[in-house]
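**Q** For reference, the structure I am asking about is given below.
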Amino acid sequence: MRISTRGRYGTRMMLDLAAHHDQGPTPLREIAKRQDLSVKYLEQLIIPLRAAGFIRSVRGARGGYTLARNPEKISVGQIIETLEGGLSLVDCVKDPKICERENGCITRDIWLQMSERLMQELASLSLRDVLDGKKIQEDST
């Protein structure tokens, strides 16, 4: 399992917007410059994030992009789900039919549970949490 550049760069862009949330719309070129990313690549990421209701665009001379919700209301998990379609440790978690051992695999439940736990942890982490330096909590059991 790897998070692609879509997920990584999209999360960086969303964190940048969250960090500047109270400053009004931000032109994409400013985000690209601050994050050392391609404007063209960010333009591609804006589309699904806008469609999901996380970003809104503002036209005009002082236009740009801003979060459509408060940073507390957007989780890293939502961003990853939107840009990556979720995460799974192994391919068969998303599509068990690709594995010839689908019905008798003794390890599939492990990968399924771990993939679910990963997404739960990311879902529990808001953009505000990340900006405030919150870490994913270790399980004390």
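Scheme for the structure tokens: letters A, B, ... for chains in order shown; per-chain residue numbers from 1; ligand numbers from 1 in order shown.
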Just the residues within 9 Å of A:Val90, please, counting only C-alpha atoms, with nothing from its chain fewer than 5 positions along; format it as a list of chain:residue names.
**A**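 What passes the distance filter is A:Met1, A:Arg108, A:Trp111, A:Leu112, A:Ser115.
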**Q** Taking the DSSP assignment computed from this structure's backbone, write out as an MDAnalysis selection string all residues of chain A that belong to helix (DSSP H, G or I).
**A** chainID A and resid 5:19 21:23 28:35 39:51 71:73 76:84 91:94 96:98 108:123 127:131
**Q** Residues within 12 Å of A:Leu37, please, as a list in words. Count only C-alpha atoms; anything in the same chain fewer than 6 positions from it doesn't count.
**A**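 The residues that qualify are Thr5, Arg6, Arg8, Tyr9, Gly10, Arg12, Met13, Asp16, Leu28, Arg29, Glu30, Ile31, Glu43 and Leu45 of chain A.
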**Q** Using only C-alpha atoms, which residues sit within 7 Å of stretch 49-60 of chain A once same-chain residues fewer than 6 positions away are excluded, as a CSV table (one decimal) with C-alpha atoms, in the first residue's frame?
**A**
chain,number,residue,atom,x,y,z
A,25,PRO,CA,-9.4,33.0,-1.2
A,66,THR,CA,-10.8,28.4,0.0
A,67,LEU,CA,-12.1,25.6,2.2
A,68,ALA,CA,-15.8,25.1,1.9
A,69,ARG,CA,-15.9,24.0,5.5
A,82,THR,CA,-11.8,11.4,-2.3
